[in-house]
Amino acid sequence: MTAIDLPMPGLRDVPRSEDRATARDYTSDQEVRWCPGCGDYAVLKAVQGFLPELGLRRENVVFVSGIGCSSRFPYYLDTYGMHSIHGRAPAIATGLATTRPDLSVWVVTGDGDALSIGGNHLIHALRRNVNLKILLFNNRIYGLTKGQYSPTSESGKVTKSTPMGSVDRPFNPVSLALGAEATFVARTIDSDRRHLTEVLRAAAAHRGSALVEIYQNCPIFNDGAFDGLRGKDEHRLVRLEHGAEVTVNGRTWVHDVHADDPKDAFALSRLDDGSMKSVPVGIFRQVERPTYDDLVREQLRAGGDAGDDELAALLRGHDTWTVA
Ligand code: SF4
């Protein structure tokens, strides 16, 4: 296995390895504890199979997760990792990416963790364009807590917490990310390993925040949520390709992932009305912008020693308050 040949600005500062790693090298000795048939297995296999392509040293790869079934992910990879706080993985990963440009930092999260508990952190990581790759496993249910409706569950969903049906309108994670002007936004599905791997590859190459929504089946609490896109119905997947024509509501245009204005990508994200008759997958947007972590490091460099001295003086200063 050799390192992939693509320009990889997202990994510009991460040292390459001389050794040729394999999927086995990225597989930890921990017993995988997801339910039989869970879509998470397919994503894990794809990630373990794809990471060696990057040609990095495993000690320079970090996976940070929040809470939920998918957030067990870091245990199963033989890299650094952190199973962190509910919804806060993007915040922790932001600190890591900002202070350690020599790391490839990934976030693993679910629809509840990312869009409910951690909705704010996700939005700000995306708008700041931190050099993070965020894998959002969307199974449209809370699996770990045994089957409550989530922010992506369809209206009318009957669950233990909505016995008469959900009255919420669900989030569309791709629309949300585009609304936050994320620089890389994509969607894929657990059952198509080749497509999943292609999207992961492009996300890794991107410099800045990359949001990858992964449709993931939870056979225990929301089985078949994406059956309308598999097998004989796979033709309902609209595979987006840069430079190919797309049609939405009678308007046809050439899909340009690098378009500065996200409005066409947003229109594509609204193509599915919930019926799953036409569901776009692939890369919606991929544009270059300065990243938060690069800009912060630039400021620190510009501040130089004077900046360090000022900070030290501030920390040792006498401006303290006594609370009676
Ligand atoms: Fe997977 Fe669902 Fe089991 Fe969680 S509850 S491990 S998402 S099958």
# chains A, B, ... in the order shown; residues from 1 in each chain; ligands from 1
$ residues_around --residues "region 271-280 of chain A" --least-positions-apart "3" --cutoff "7 Å" --atoms "only C-alpha atoms" --output "PyMOL selection string"
chain A and resi 228+236-240+248+267-268
$ closest_atom_pairs --of "region 207-284 of chain A" --to "region 21-34 of chain A" --cutoff "12 Å" --atoms "only C-alpha atoms" --output "JSON lines"
{"residue": "A:Asn217", "atom": "CA", "partner": "A:Trp34", "partner_atom": "CA", "distance": 12.0}
{"residue": "A:Cys218", "atom": "CA", "partner": "A:Trp34", "partner_atom": "CA", "distance": 9.9}
{"residue": "A:Pro219", "atom": "CA", "partner": "A:Trp34", "partner_atom": "CA", "distance": 10.7}
{"residue": "A:Ile220", "atom": "CA", "partner": "A:Trp34", "partner_atom": "CA", "distance": 10.5}
$ write_last_selection --atoms "C-alpha atoms" --output "PDB file, in the first residue's frame"
ATOM      1  CA  ASN A 217     -28.848   1.539   9.457  1.00  0.00           C
ATOM      2  CA  CYS A 218     -29.721   0.756  13.080  1.00  0.00           C
ATOM      3  CA  PRO A 219     -31.319  -2.691  12.771  1.00  0.00           C
ATOM      4  CA  ILE A 220     -32.423  -2.720  16.399  1.00  0.00           C
TER       5      ILE A 220
END
$ closest_residue --among "A:Gly282, A:His86, A:Tyr76, A:Trp253" --to "Thr188 (chain A)" --atoms "only C-alpha atoms"
A:Gly282
$ closest_residue --among "A:Ser70, A:Thr79, A:Asn172, A:Ser17" --to "Thr152 (chain A)" --atoms "only C-alpha atoms"
A:Asn172
$ closest_residue --among "A:Glu59, A:Asp223, A:Asp308, A:Glu288" --to "ligand 1" --atoms "only C-alpha atoms and all ligand atoms"
A:Asp223
$ closest_atom_pairs --of "chain A" --to "ligand 1" --cutoff "12 Å" --atoms "only C-alpha atoms and all ligand atoms" --output "tab-separated table"
residue	atom	partner	partner_atom_place_in_ligand_line	distance
A:Val32	CA	ligand 1	6 (S)	9.7
A:Arg33	CA	ligand 1	6 (S)	7.2
A:Trp34	CA	ligand 1	6 (S)	3.8
A:Cys35	CA	ligand 1	3 (Fe)	4.1
A:Pro36	CA	ligand 1	8 (S)	6.8
A:Gly37	CA	ligand 1	8 (S)	6.6
A:Cys38	CA	ligand 1	8 (S)	4.1
A:Gly39	CA	ligand 1	1 (Fe)	6.4
A:Asp40	CA	ligand 1	1 (Fe)	6.2
A:Tyr41	CA	ligand 1	1 (Fe)	8.4
A:Ala42	CA	ligand 1	1 (Fe)	10.9
A:Val43	CA	ligand 1	1 (Fe)	11.3
A:Leu44	CA	ligand 1	1 (Fe)	11.9
A:Ile67	CA	ligand 1	4 (Fe)	11.2
A:Gly68	CA	ligand 1	4 (Fe)	7.5
A:Cys69	CA	ligand 1	4 (Fe)	4.5
A:Ser70	CA	ligand 1	7 (S)	6.8
A:Ser71	CA	ligand 1	4 (Fe)	9.8
A:Arg72	CA	ligand 1	6 (S)	9.2
A:Phe73	CA	ligand 1	6 (S)	10.8
A:Thr109	CA	ligand 1	7 (S)	11.5
A:Gly110	CA	ligand 1	7 (S)	9.1
A:Asp111	CA	ligand 1	7 (S)	10.7
A:Gly112	CA	ligand 1	7 (S)	11.4
A:Phe137	CA	ligand 1	7 (S)	9.0
A:Asn138	CA	ligand 1	7 (S)	9.2
A:Asn139	CA	ligand 1	7 (S)	6.9
A:Arg140	CA	ligand 1	7 (S)	9.6
A:Ile141	CA	ligand 1	7 (S)	8.1
A:Tyr142	CA	ligand 1	7 (S)	7.7
A:Gly143	CA	ligand 1	5 (S)	3.9
A:Leu144	CA	ligand 1	4 (Fe)	5.3
A:Thr145	CA	ligand 1	5 (S)	8.0
A:Lys146	CA	ligand 1	5 (S)	6.5
A:Gly147	CA	ligand 1	5 (S)	7.7
A:Gln148	CA	ligand 1	5 (S)	10.9
A:Asp190	CA	ligand 1	1 (Fe)	11.9
A:Tyr215	CA	ligand 1	7 (S)	11.2
A:Gln216	CA	ligand 1	7 (S)	7.9
A:Asn217	CA	ligand 1	7 (S)	7.1
A:Cys218	CA	ligand 1	2 (Fe)	3.8
A:Pro219	CA	ligand 1	8 (S)	4.9
A:Ile220	CA	ligand 1	8 (S)	4.9
A:Phe221	CA	ligand 1	2 (Fe)	5.8
A:Asn222	CA	ligand 1	2 (Fe)	7.3
A:Asp223	CA	ligand 1	8 (S)	8.3
A:Gly224	CA	ligand 1	8 (S)	11.2
A:Ala225	CA	ligand 1	2 (Fe)	11.4
$ select_by_dssp --residues "region 104-243 of chain A" --states "strand (DSSP E or B)" --output "mmCIF file with all heavy atoms, in the first residue's frame"
data_model
loop_
_atom_site.group_PDB
_atom_site.id
_atom_site.type_symbol
_atom_site.label_atom_id
_atom_site.label_comp_id
_atom_site.auth_asym_id
_atom_site.auth_seq_id
_atom_site.Cartn_x
_atom_site.Cartn_y
_atom_site.Cartn_z
ATOM 1 N N SER A 104 -3.768 14.579 12.011
ATOM 2 C CA SER A 104 -4.982 14.473 11.204
ATOM 3 C C SER A 104 -6.117 14.207 12.187
ATOM 4 O O SER A 104 -6.138 13.162 12.842
ATOM 5 C CB SER A 104 -4.840 13.314 10.210
ATOM 6 O OG SER A 104 -6.061 13.074 9.568
ATOM 7 N N VAL A 105 -7.032 15.184 12.320
ATOM 8 C CA VAL A 105 -8.038 15.107 13.382
ATOM 9 C C VAL A 105 -9.418 14.812 12.781
ATOM 10 O O VAL A 105 -9.884 15.532 11.894
ATOM 11 C CB VAL A 105 -8.078 16.406 14.205
ATOM 12 C CG1 VAL A 105 -9.063 16.265 15.367
ATOM 13 C CG2 VAL A 105 -6.687 16.767 14.720
ATOM 14 N N TRP A 106 -10.043 13.767 13.285
ATOM 15 C CA TRP A 106 -11.352 13.317 12.818
ATOM 16 C C TRP A 106 -12.332 13.342 13.986
ATOM 17 O O TRP A 106 -11.957 13.054 15.122
ATOM 18 C CB TRP A 106 -11.275 11.894 12.265
ATOM 19 C CG TRP A 106 -10.371 11.751 11.068
ATOM 20 C CD1 TRP A 106 -9.006 11.855 11.054
ATOM 21 C CD2 TRP A 106 -10.762 11.508 9.718
ATOM 22 N NE1 TRP A 106 -8.538 11.685 9.765
ATOM 23 C CE2 TRP A 106 -9.582 11.466 8.925
ATOM 24 C CE3 TRP A 106 -11.996 11.306 9.089
ATOM 25 C CZ2 TRP A 106 -9.618 11.241 7.545
ATOM 26 C CZ3 TRP A 106 -12.021 11.073 7.721
ATOM 27 C CH2 TRP A 106 -10.844 11.049 6.969
ATOM 28 N N VAL A 107 -13.575 13.663 13.682
ATOM 29 C CA VAL A 107 -14.652 13.628 14.678
ATOM 30 C C VAL A 107 -15.661 12.575 14.230
ATOM 31 O O VAL A 107 -16.026 12.525 13.053
ATOM 32 C CB VAL A 107 -15.343 15.005 14.786
ATOM 33 C CG1 VAL A 107 -16.632 14.911 15.618
ATOM 34 C CG2 VAL A 107 -14.400 16.037 15.391
ATOM 35 N N VAL A 108 -16.072 11.736 15.179
ATOM 36 C CA VAL A 108 -17.132 10.764 14.885
ATOM 37 C C VAL A 108 -18.315 11.094 15.782
ATOM 38 O O VAL A 108 -18.167 11.219 17.005
ATOM 39 C CB VAL A 108 -16.652 9.319 15.141
ATOM 40 C CG1 VAL A 108 -17.806 8.340 14.955
ATOM 41 C CG2 VAL A 108 -15.510 8.969 14.196
ATOM 42 N N THR A 109 -19.480 11.226 15.182
ATOM 43 C CA THR A 109 -20.640 11.672 15.934
ATOM 44 C C THR A 109 -21.898 11.074 15.302
ATOM 45 O O THR A 109 -21.832 10.497 14.210
ATOM 46 C CB THR A 109 -20.672 13.215 15.946
ATOM 47 O OG1 THR A 109 -21.773 13.672 16.722
ATOM 48 C CG2 THR A 109 -20.807 13.818 14.544
ATOM 49 N N GLY A 110 -23.009 11.199 16.003
ATOM 50 C CA GLY A 110 -24.272 10.689 15.473
ATOM 51 C C GLY A 110 -25.277 11.817 15.329
ATOM 52 O O GLY A 110 -24.984 12.976 15.638
ATOM 53 N N LYS A 133 -12.222 16.630 10.081
ATOM 54 C CA LYS A 133 -13.089 15.794 9.247
ATOM 55 C C LYS A 133 -14.164 15.220 10.154
ATOM 56 O O LYS A 133 -13.846 14.479 11.095
ATOM 57 C CB LYS A 133 -12.301 14.646 8.592
ATOM 58 C CG LYS A 133 -10.953 15.061 8.021
ATOM 59 C CD LYS A 133 -11.030 16.198 7.043
ATOM 60 C CE LYS A 133 -9.708 16.941 6.949
ATOM 61 N NZ LYS A 133 -9.883 18.360 6.630
ATOM 62 N N ILE A 134 -15.411 15.584 9.910
ATOM 63 C CA ILE A 134 -16.506 15.200 10.807
ATOM 64 C C ILE A 134 -17.378 14.148 10.125
ATOM 65 O O ILE A 134 -17.977 14.410 9.075
ATOM 66 C CB ILE A 134 -17.352 16.434 11.179
ATOM 67 C CG1 ILE A 134 -16.472 17.503 11.833
ATOM 68 C CG2 ILE A 134 -18.511 16.034 12.096
ATOM 69 C CD1 ILE A 134 -17.160 18.841 12.065
ATOM 70 N N LEU A 135 -17.417 12.953 10.709
ATOM 71 C CA LEU A 135 -18.243 11.864 10.176
ATOM 72 C C LEU A 135 -19.516 11.796 10.999
ATOM 73 O O LEU A 135 -19.473 11.470 12.189
ATOM 74 C CB LEU A 135 -17.491 10.524 10.250
ATOM 75 C CG LEU A 135 -16.078 10.507 9.634
ATOM 76 C CD1 LEU A 135 -15.492 9.092 9.710
ATOM 77 C CD2 LEU A 135 -16.102 11.015 8.202
ATOM 78 N N LEU A 136 -20.628 12.150 10.381
ATOM 79 C CA LEU A 136 -21.911 12.188 11.088
ATOM 80 C C LEU A 136 -22.728 10.959 10.691
ATOM 81 O O LEU A 136 -23.265 10.886 9.590
ATOM 82 C CB LEU A 136 -22.663 13.477 10.732
ATOM 83 C CG LEU A 136 -23.818 13.894 11.632
ATOM 84 C CD1 LEU A 136 -24.253 15.327 11.300
ATOM 85 C CD2 LEU A 136 -25.017 12.983 11.586
ATOM 86 N N PHE A 137 -22.772 9.978 11.594
ATOM 87 C CA PHE A 137 -23.534 8.753 11.344
ATOM 88 C C PHE A 137 -25.003 9.077 11.604
ATOM 89 O O PHE A 137 -25.400 9.354 12.745
ATOM 90 C CB PHE A 137 -23.121 7.643 12.328
ATOM 91 C CG PHE A 137 -21.728 7.107 12.160
ATOM 92 C CD1 PHE A 137 -20.633 7.932 12.036
ATOM 93 C CD2 PHE A 137 -21.518 5.731 12.167
ATOM 94 C CE1 PHE A 137 -19.358 7.419 11.914
ATOM 95 C CE2 PHE A 137 -20.248 5.204 12.047
ATOM 96 C CZ PHE A 137 -19.166 6.045 11.919
ATOM 97 N N ASN A 138 -25.804 9.022 10.562
ATOM 98 C CA ASN A 138 -27.212 9.382 10.708
ATOM 99 C C ASN A 138 -28.079 8.135 10.588
ATOM 100 O O ASN A 138 -28.288 7.612 9.498
ATOM 101 C CB ASN A 138 -27.586 10.400 9.614
ATOM 102 C CG ASN A 138 -29.027 10.859 9.746
ATOM 103 O OD1 ASN A 138 -29.718 10.510 10.709
ATOM 104 N ND2 ASN A 138 -29.489 11.642 8.783
ATOM 105 N N TYR A 142 -32.134 7.608 18.404
ATOM 106 C CA TYR A 142 -31.154 7.445 19.482
ATOM 107 C C TYR A 142 -31.023 5.951 19.745
ATOM 108 O O TYR A 142 -31.952 5.326 20.272
ATOM 109 C CB TYR A 142 -31.623 8.151 20.757
ATOM 110 C CG TYR A 142 -31.409 9.649 20.744
ATOM 111 C CD1 TYR A 142 -32.405 10.512 20.311
ATOM 112 C CD2 TYR A 142 -30.213 10.205 21.181
ATOM 113 C CE1 TYR A 142 -32.218 11.888 20.306
ATOM 114 C CE2 TYR A 142 -30.009 11.574 21.190
ATOM 115 C CZ TYR A 142 -31.016 12.408 20.745
ATOM 116 O OH TYR A 142 -30.823 13.757 20.747
ATOM 117 N N GLN A 148 -35.237 6.469 21.232
ATOM 118 C CA GLN A 148 -36.040 7.692 21.217
ATOM 119 C C GLN A 148 -35.866 8.405 19.870
ATOM 120 O O GLN A 148 -34.884 8.186 19.177
ATOM 121 C CB GLN A 148 -35.609 8.648 22.340
ATOM 122 C CG GLN A 148 -35.778 8.082 23.747
ATOM 123 C CD GLN A 148 -34.641 7.148 24.144
ATOM 124 O OE1 GLN A 148 -33.592 7.130 23.515
ATOM 125 N NE2 GLN A 148 -34.873 6.370 25.184
ATOM 126 N N PHE A 184 -16.686 21.963 2.955
ATOM 127 C CA PHE A 184 -16.787 20.639 2.330
ATOM 128 C C PHE A 184 -17.999 19.947 2.927
ATOM 129 O O PHE A 184 -18.083 19.780 4.147
ATOM 130 C CB PHE A 184 -15.538 19.804 2.595
ATOM 131 C CG PHE A 184 -15.550 18.439 1.945
ATOM 132 C CD1 PHE A 184 -14.786 18.207 0.801
ATOM 133 C CD2 PHE A 184 -16.324 17.400 2.458
ATOM 134 C CE1 PHE A 184 -14.796 16.952 0.192
ATOM 135 C CE2 PHE A 184 -16.341 16.147 1.848
ATOM 136 C CZ PHE A 184 -15.559 15.929 0.713
ATOM 137 N N VAL A 185 -18.931 19.571 2.069
ATOM 138 C CA VAL A 185 -20.157 18.915 2.544
ATOM 139 C C VAL A 185 -20.452 17.745 1.608
ATOM 140 O O VAL A 185 -20.496 17.913 0.378
ATOM 141 C CB VAL A 185 -21.356 19.889 2.548
ATOM 142 C CG1 VAL A 185 -22.598 19.202 3.119
ATOM 143 C CG2 VAL A 185 -21.035 21.151 3.352
ATOM 144 N N ALA A 186 -20.638 16.562 2.206
ATOM 145 C CA ALA A 186 -20.903 15.376 1.386
ATOM 146 C C ALA A 186 -21.853 14.440 2.114
ATOM 147 O O ALA A 186 -22.057 14.558 3.326
ATOM 148 C CB ALA A 186 -19.591 14.648 1.070
ATOM 149 N N ARG A 187 -22.421 13.533 1.328
ATOM 150 C CA ARG A 187 -23.293 12.497 1.917
ATOM 151 C C ARG A 187 -22.945 11.163 1.255
ATOM 152 O O ARG A 187 -22.638 11.106 0.066
ATOM 153 C CB ARG A 187 -24.759 12.832 1.664
ATOM 154 C CG ARG A 187 -25.726 11.767 2.177
ATOM 155 C CD ARG A 187 -27.157 12.036 1.723
ATOM 156 N NE ARG A 187 -27.768 13.155 2.406
ATOM 157 C CZ ARG A 187 -28.582 14.036 1.804
ATOM 158 N NH1 ARG A 187 -28.832 13.927 0.512
ATOM 159 N NH2 ARG A 187 -29.116 15.022 2.486
ATOM 160 N N THR A 188 -23.010 10.108 2.059
ATOM 161 C CA THR A 188 -22.800 8.769 1.520
ATOM 162 C C THR A 188 -23.639 7.794 2.342
ATOM 163 O O THR A 188 -24.421 8.208 3.196
ATOM 164 C CB THR A 188 -21.294 8.420 1.497
ATOM 165 O OG1 THR A 188 -21.115 7.154 0.881
ATOM 166 C CG2 THR A 188 -20.685 8.413 2.883
ATOM 167 N N ILE A 189 -23.488 6.502 2.048
ATOM 168 C CA ILE A 189 -24.355 5.504 2.695
ATOM 169 C C ILE A 189 -23.523 4.285 3.081
ATOM 170 O O ILE A 189 -22.591 3.906 2.349
ATOM 171 C CB ILE A 189 -25.536 5.149 1.754
ATOM 172 C CG1 ILE A 189 -26.532 4.218 2.428
ATOM 173 C CG2 ILE A 189 -25.070 4.583 0.425
ATOM 174 C CD1 ILE A 189 -27.884 4.159 1.702
ATOM 175 N N ALA A 210 -14.676 19.397 7.071
ATOM 176 C CA ALA A 210 -15.377 18.540 6.112
ATOM 177 C C ALA A 210 -16.483 17.814 6.866
ATOM 178 O O ALA A 210 -16.218 17.136 7.859
ATOM 179 C CB ALA A 210 -14.407 17.540 5.490
ATOM 180 N N LEU A 211 -17.707 18.004 6.417
ATOM 181 C CA LEU A 211 -18.846 17.312 7.039
ATOM 182 C C LEU A 211 -19.290 16.204 6.097
ATOM 183 O O LEU A 211 -19.669 16.472 4.948
ATOM 184 C CB LEU A 211 -19.981 18.310 7.289
ATOM 185 C CG LEU A 211 -21.252 17.918 8.069
ATOM 186 C CD1 LEU A 211 -22.243 17.107 7.251
ATOM 187 C CD2 LEU A 211 -20.949 17.180 9.372
ATOM 188 N N VAL A 212 -19.219 14.968 6.580
ATOM 189 C CA VAL A 212 -19.677 13.823 5.781
ATOM 190 C C VAL A 212 -20.850 13.179 6.519
ATOM 191 O O VAL A 212 -20.676 12.628 7.607
ATOM 192 C CB VAL A 212 -18.548 12.788 5.578
ATOM 193 C CG1 VAL A 212 -19.063 11.603 4.770
ATOM 194 C CG2 VAL A 212 -17.338 13.419 4.900
ATOM 195 N N GLU A 213 -22.035 13.300 5.935
ATOM 196 C CA GLU A 213 -23.198 12.610 6.504
ATOM 197 C C GLU A 213 -23.212 11.186 5.957
ATOM 198 O O GLU A 213 -23.105 10.980 4.742
ATOM 199 C CB GLU A 213 -24.504 13.321 6.107
ATOM 200 C CG GLU A 213 -25.725 12.604 6.674
ATOM 201 C CD GLU A 213 -27.056 13.104 6.117
ATOM 202 O OE1 GLU A 213 -27.057 13.791 5.074
ATOM 203 O OE2 GLU A 213 -28.091 12.793 6.726
ATOM 204 N N ILE A 214 -23.322 10.212 6.866
ATOM 205 C CA ILE A 214 -23.353 8.805 6.443
ATOM 206 C C ILE A 214 -24.691 8.206 6.868
ATOM 207 O O ILE A 214 -24.987 8.129 8.066
ATOM 208 C CB ILE A 214 -22.192 8.002 7.078
ATOM 209 C CG1 ILE A 214 -20.844 8.665 6.774
ATOM 210 C CG2 ILE A 214 -22.212 6.557 6.585
ATOM 211 C CD1 ILE A 214 -19.669 8.087 7.557
ATOM 212 N N TYR A 215 -25.514 7.823 5.888
ATOM 213 C CA TYR A 215 -26.754 7.121 6.216
ATOM 214 C C TYR A 215 -26.374 5.756 6.780
ATOM 215 O O TYR A 215 -25.685 4.969 6.114
ATOM 216 C CB TYR A 215 -27.610 6.918 4.972
ATOM 217 C CG TYR A 215 -28.346 8.152 4.474
ATOM 218 C CD1 TYR A 215 -28.892 8.167 3.202
ATOM 219 C CD2 TYR A 215 -28.531 9.276 5.276
ATOM 220 C CE1 TYR A 215 -29.596 9.262 2.730
ATOM 221 C CE2 TYR A 215 -29.222 10.384 4.811
ATOM 222 C CZ TYR A 215 -29.760 10.372 3.539
ATOM 223 O OH TYR A 215 -30.456 11.454 3.068
ATOM 224 N N CYS A 218 -29.683 1.296 11.710
ATOM 225 C CA CYS A 218 -29.721 0.756 13.080
ATOM 226 C C CYS A 218 -30.773 -0.346 13.068
ATOM 227 O O CYS A 218 -31.974 -0.067 13.155
ATOM 228 C CB CYS A 218 -30.108 1.857 14.076
ATOM 229 S SG CYS A 218 -30.512 1.203 15.719
ATOM 230 N N ASN A 222 -34.301 1.198 14.460
ATOM 231 C CA ASN A 222 -34.871 1.924 13.310
ATOM 232 C C ASN A 222 -34.537 1.173 12.021
ATOM 233 O O ASN A 222 -34.069 1.768 11.049
ATOM 234 C CB ASN A 222 -34.285 3.349 13.256
ATOM 235 C CG ASN A 222 -35.151 4.280 12.450
ATOM 236 O OD1 ASN A 222 -36.338 4.009 12.217
ATOM 237 N ND2 ASN A 222 -34.575 5.398 12.001
ATOM 238 N N LEU A 237 -30.717 6.826 -5.667
ATOM 239 C CA LEU A 237 -29.548 7.622 -5.274
ATOM 240 C C LEU A 237 -29.086 8.448 -6.476
ATOM 241 O O LEU A 237 -28.800 7.895 -7.541
ATOM 242 C CB LEU A 237 -28.399 6.713 -4.819
ATOM 243 C CG LEU A 237 -28.599 5.952 -3.507
ATOM 244 C CD1 LEU A 237 -27.457 4.960 -3.297
ATOM 245 C CD2 LEU A 237 -28.677 6.923 -2.324
ATOM 246 N N VAL A 238 -29.049 9.745 -6.318
ATOM 247 C CA VAL A 238 -28.544 10.630 -7.379
ATOM 248 C C VAL A 238 -27.071 10.867 -7.069
ATOM 249 O O VAL A 238 -26.731 11.560 -6.108
ATOM 250 C CB VAL A 238 -29.312 11.972 -7.377
ATOM 251 C CG1 VAL A 238 -28.762 12.906 -8.449
ATOM 252 C CG2 VAL A 238 -30.800 11.738 -7.554
ATOM 253 N N ARG A 239 -26.205 10.251 -7.868
ATOM 254 C CA ARG A 239 -24.768 10.326 -7.568
ATOM 255 C C ARG A 239 -24.181 11.604 -8.145
ATOM 256 O O ARG A 239 -24.056 11.733 -9.368
ATOM 257 C CB ARG A 239 -24.052 9.079 -8.102
ATOM 258 C CG ARG A 239 -24.504 7.837 -7.345
ATOM 259 C CD ARG A 239 -23.978 6.559 -7.945
ATOM 260 N NE ARG A 239 -24.562 5.425 -7.250
ATOM 261 C CZ ARG A 239 -24.058 4.867 -6.149
ATOM 262 N NH1 ARG A 239 -22.940 5.317 -5.642
ATOM 263 N NH2 ARG A 239 -24.668 3.856 -5.562
#
$ atom_distance --atom1 "CA of Val246 (chain A)" --atom2 "CA of Ala204 (chain A)"
25.5 Å
$ select_by_dssp --residues "region 184-321 of chain A" --states "helix (DSSP H, G or I)" --output "MDAnalysis selection string"
chainID A and resid 193:205 227:229 231:236 263:269 292:316
$ write_last_selection --atoms "C-alpha atoms" --output "short mmCIF file (atom, residue, chain, number, x, y, z; two decimals), in the first residue's frame"
data_model
loop_
_atom_site.label_atom_id
_atom_site.label_comp_id
_atom_site.auth_asym_id
_atom_site.auth_seq_id
_atom_site.Cartn_x
_atom_site.Cartn_y
_atom_site.Cartn_z
CA ARG A 193 -18.26 0.88 0.52
CA ARG A 194 -16.73 2.16 -2.68
CA HIS A 195 -18.70 5.41 -2.56
CA LEU A 196 -18.06 5.79 1.16
CA THR A 197 -14.31 5.38 0.60
CA GLU A 198 -14.26 7.89 -2.27
CA VAL A 199 -15.99 10.49 -0.10
CA LEU A 200 -13.64 9.82 2.85
CA ARG A 201 -10.65 10.22 0.54
CA ALA A 202 -11.89 13.58 -0.70
CA ALA A 203 -12.69 14.73 2.84
CA ALA A 204 -9.19 13.82 4.03
CA ALA A 205 -7.66 15.78 1.17
CA ASP A 227 -34.10 0.48 2.54
CA GLY A 228 -35.67 2.79 -0.02
CA LEU A 229 -32.16 3.43 -1.32
CA GLY A 231 -31.06 -3.10 -3.76
CA LYS A 232 -33.71 -2.62 -6.44
CA ASP A 233 -34.24 0.97 -5.26
CA GLU A 234 -30.59 1.99 -5.47
CA HIS A 235 -31.45 3.98 -8.62
CA ARG A 236 -33.05 6.55 -6.30
CA LYS A 263 -27.19 28.23 -3.29
CA ASP A 264 -27.11 25.51 -5.97
CA ALA A 265 -25.64 23.01 -3.52
CA PHE A 266 -28.40 23.98 -1.11
CA ALA A 267 -31.04 23.42 -3.81
CA LEU A 268 -29.59 19.95 -4.34
CA SER A 269 -29.74 19.27 -0.62
CA TYR A 292 -9.50 28.89 11.73
CA ASP A 293 -6.50 26.96 13.02
CA ASP A 294 -4.12 28.41 10.41
CA LEU A 295 -5.31 31.95 11.21
CA VAL A 296 -4.97 31.48 14.96
CA ARG A 297 -1.44 30.13 14.57
CA GLU A 298 -0.58 33.05 12.32
CA GLN A 299 -1.77 35.48 15.00
CA LEU A 300 0.31 33.72 17.62
CA ARG A 301 3.38 33.86 15.40
CA ALA A 302 2.76 37.56 14.72
CA GLY A 303 2.48 38.16 18.47
CA GLY A 304 5.80 36.39 18.98
CA ASP A 305 7.55 36.59 22.33
CA ALA A 306 5.85 39.87 23.14
CA GLY A 307 2.54 38.02 23.01
CA ASP A 308 3.86 35.32 25.35
CA ASP A 309 5.16 37.93 27.80
CA GLU A 310 1.85 39.77 27.83
CA LEU A 311 -0.02 36.55 28.48
CA ALA A 312 2.37 35.61 31.28
CA ALA A 313 1.97 39.07 32.83
CA LEU A 314 -1.78 38.76 32.61
CA LEU A 315 -1.76 35.37 34.28
CA ARG A 316 0.52 36.60 37.10
#
$ residues_around --residues "Ser153 (chain A)" --least-positions-apart "3" --cutoff "6 Å" --atoms "only C-alpha atoms" --output "MDAnalysis selection string"
chainID A and resid 140 149:150 170
$ residues_around --residues "Arg100 (chain A)" --least-positions-apart "2" --cutoff "12 Å" --atoms "only C-alpha atoms" --output "PyMOL selection string"
chain A and resi 11+13-15+60-62+93-98+102-105+131-132+293-294+296-297
$ atom_distance --atom1 "CA of Arg285 (chain A)" --atom2 "CA of Ala177 (chain A)"
10.0 Å
$ atom_distance --atom1 "CA of Ala259 (chain A)" --atom2 "CA of Gly208 (chain A)"
16.1 Å
